[in-house]
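Trainee: Here it is, the structure in full.
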Amino acid sequence: MNRTGEPNVAELMAQLAANAAEIASLKAEKEALSQRVVKLEEELALARLHRFAPRSEKHIDRIFNEAEEAAGEDDSDDGDVVDLPETGLPPVESAAGKKRGRRPLPKDLPRERVDYDLPDDQKACPCCHGQMHRMGEAVTEQLHIEVKAKVLQNVRFKYACRHCDRTGINTPVVIAPMPTQPLPGCIATASTLAFALVHKYVDGTPLYRVAQTFERTGVPVSRGALAHWVIGSSERHLHRIYDELRLRLRSQPLIHGDETTVQVLKEKDKEATSTSYMWAYRSGEDSSEPIVLLDYQPGRGQIHPQTFLGDYRGILMSDGYTAWRTLDGATHVGCMAHSRRRFVEALKTRKSGGGPPEQALRFFEQLYRIEKQARNKTPDAGETKADCIRGFRQHHSLPVLNALKSWLDNIAPKVVPDTKLGDAVSYTLNQWDYLTRYITDGRMPIDNNILERDIRVFATGRKSWLFSDTADGAKASAAIYSLMLTCRACGVDPLTWLRHVLTELPQREEAADIGDLLPFKLSKTSAA
């Protein structure tokens with residue numbers, strides 16, 4: 001019998017159950033907080049590295065050394081380290097080191113000779129005081145650059161008839177025509193427009209600093225006038241080249257796709273602080289017509305790549321963003337570099353290095369080593385380059401990919417999902433079919449790095465000019481950046497090309513053929 005005021009058995013059991021539930025809740029809360037602490041520590045470590053450490057993702061020896069030093073320490077993750085499969089991959093030949101010292105100046109630069117001679121009173125021998133003869137000369141070369149502005153006076157001769165002047169009511173006057181100018185009524189020639197465009201879109205110089213450059217040459221040009229030159233050149237002429245390149249890009253067997261952000265201050269129905277996007281498209285690295293195009297759009301929806309590429313039926317290389325995968329007619333390939341990058345970040349967050357991120361990076365290093373040798377392999381007689389690359393990948397890359405997949409499946413249940421390592425593992429497994437599709441076709445690249453390198457030019461310039469004032473300015477920037485990046489891909493000097501195009505385009509009708517003005521046509525002409 002229970003004493004008065006003491007709990008009975010049922011109440012004690014209920015209290016114990018409540019305590020157990022509270023303990024379980026506290027344990028779950030503690031686990032969640034622990035995971036959050038881990039995540040925040042990773043983000044802090046990455047933020048510090050982003051600010052103070054080198055940005056390169058190269059798998060340098062220092063990382064491997066840290067991993068080897070940490071191998072002897074107690075780490076529960078190190079039990080998941082596996083050996084890479086042996087595929088008989090040929091050894092990599094060591095690259096020849098670069099020669100040190102100053103490179104000679106290009107031989108095609110014009111030379112101007114400047115002679116320095118001794119005065120006559122110093123041509124006597126200091127020993128016997130006899131007359132010395134000239135035995136040779138010592139030649140050194142210096143680079144000399146002058147930037148000068150000049151004014152072109154376009155003089156158009158006028159003609160009139162003296163007979164009509166004496167006897168007629170009206171005297172006809174005929175004036176010699178001059179070629180159509182890029183921007184009628186504007187003081188800038190094609191060369192001046194090219195100079196301003198290259199400064200902004202190749203060198204990443206904001207317009208206000210371009211205006212300062214003009215002022216230093218003694219020609220004050222306002223920032224507003226420069227903006228008019230940029231937009232006018234694009235809307236009147238350069239858009240024709242852009243549209244022609246877009247048509248040719250859509251006929252390419254392979255297209256790279258990516259997107260990056262841009263800010264536009266004055267855009268309809270959007271805040272000045274909102275984010276807009278530059279969608280980027282590029283032909284394959286082996287294409288005979290290298291093309292890089294940027295397309296400004298206010299958003300990141302799937303309608304934008306669908307509209308730009310239409311019913312494209314070729315190979316589309318992109319990251320894991322779902323908007324790209326909505327093009328039903330294309331064959332989609334994933335970017336292996338995006339997966340590798342996640343493991344690089346996971347490795348950077350580890351205090352002692354090594355562990356699963358290091359193991360994963362060893363797989364990726366082997367895959368890229370195979371890819372480099374596949375690209376350099378010479379096809380056999382009667383074999384295409386694509387078939388040669390595919391065969392090499394099937395023999396060497398496929399076993400490594402199979403081993404990587406088995407390792408990922410084994411480690412996936414053991415990693416915490418809401419961490420950098422968990423994100424890397426889940427991303428790679430979710431994108432696996434797209435990431436490994438490249439081994440089925442020799443035309444497919446392993447990653448999207450070639451386009452990311454092109455976008456970096458835009459991103460570097462964006463750090464200087466920060467934003468576009470209007471949507472028209474952003475569209476003009478997209479068109480001009482596209483042409484400059486295409487020149488870069490073709491190995492064409494953008495200043496020379498722009499001078500030629502802005503001189504030639506105003507003379508041609510809107511419906512005229514302009515195929516000979518495309519950058520890769522100029523590069524082929526130069527090579528010939």
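Just remember, in the structure tokens the first chain shown is A, the second B, etc., residues are 1-based per chain, and ligands are 1-based in the order shown.
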Neighbouring residues of stretch 411-425 of chain A were defined as those with any atom within 12 Å, considering only C-alpha atoms; residues of the same chain fewer than 2 positions away were excluded. Please report them as a PyMOL selection string.
Mentor: chain A and resi 31-43+45-46+76-82+336-350+355-361+404-409+427-432
Trainee: If we count only C-alpha atoms and set the cut-off at 12 Å, which residues sit around stretch 506-519 of chain A, ignoring sequence neighbours fewer than 3 positions away in its own chain? Please answer as an MDAnalysis selection string.
Mentor: chainID A and resid 178:184 189:190 233 236:248 288:292 482:503 522:526
Trainee: Run DSSP on the backbone and give me the residues of stretch 254-459 of chain A it puts in strand (DSSP E or B), as a ChimeraX atom specification.
Mentor: /A:254-262,264-266,276-283,292-297,315-318,331-334
Trainee: Given the selection you just returned, output its residues as a file containing C-alpha atoms, formatted as an mmCIF file, in the first residue's frame.
Mentor:
data_model
loop_
_atom_site.group_PDB
_atom_site.id
_atom_site.type_symbol
_atom_site.label_atom_id
_atom_site.label_comp_id
_atom_site.auth_asym_id
_atom_site.auth_seq_id
_atom_site.Cartn_x
_atom_site.Cartn_y
_atom_site.Cartn_z
ATOM 1 C CA LEU A 254 28.723 20.168 -78.936
ATOM 2 C CA ILE A 255 27.786 23.195 -76.822
ATOM 3 C CA HIS A 256 29.006 24.130 -73.348
ATOM 4 C CA GLY A 257 26.507 25.996 -71.145
ATOM 5 C CA ASP A 258 26.828 27.934 -67.894
ATOM 6 C CA GLU A 259 25.526 31.108 -66.240
ATOM 7 C CA THR A 260 26.821 33.850 -63.965
ATOM 8 C CA THR A 261 25.329 36.834 -62.196
ATOM 9 C CA VAL A 262 25.166 40.496 -63.170
ATOM 10 C CA VAL A 264 21.379 46.009 -63.506
ATOM 11 C CA LEU A 265 20.258 49.164 -61.740
ATOM 12 C CA LYS A 266 17.419 50.357 -63.973
ATOM 13 C CA SER A 276 20.156 39.209 -63.189
ATOM 14 C CA TYR A 277 22.129 36.678 -65.235
ATOM 15 C CA MET A 278 24.507 36.301 -68.116
ATOM 16 C CA TRP A 279 23.921 32.943 -69.765
ATOM 17 C CA ALA A 280 27.067 31.665 -71.480
ATOM 18 C CA TYR A 281 27.371 29.286 -74.436
ATOM 19 C CA ARG A 282 30.465 27.936 -76.164
ATOM 20 C CA SER A 283 31.409 25.574 -78.963
ATOM 21 C CA VAL A 292 31.642 32.081 -77.246
ATOM 22 C CA LEU A 293 28.344 33.903 -76.644
ATOM 23 C CA LEU A 294 26.821 35.649 -73.629
ATOM 24 C CA ASP A 295 23.069 36.249 -73.415
ATOM 25 C CA TYR A 296 21.710 38.740 -70.892
ATOM 26 C CA GLN A 297 18.464 37.742 -69.166
ATOM 27 C CA ILE A 315 25.608 17.360 -76.975
ATOM 28 C CA LEU A 316 25.091 19.864 -74.148
ATOM 29 C CA MET A 317 27.716 20.062 -71.393
ATOM 30 C CA SER A 318 26.545 21.817 -68.210
ATOM 31 C CA THR A 331 22.241 14.765 -75.011
ATOM 32 C CA HIS A 332 23.250 16.013 -71.569
ATOM 33 C CA VAL A 333 26.704 15.569 -70.050
ATOM 34 C CA GLY A 334 27.715 16.543 -66.495
#
Trainee: What does the structure give for the distance between atom CA of A:Leu367 and atom CA of A:Leu84, in Å to one decimal?
Mentor: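 Atom CA of A:Leu367 sits 10.6 Å away from atom CA of A:Leu84.
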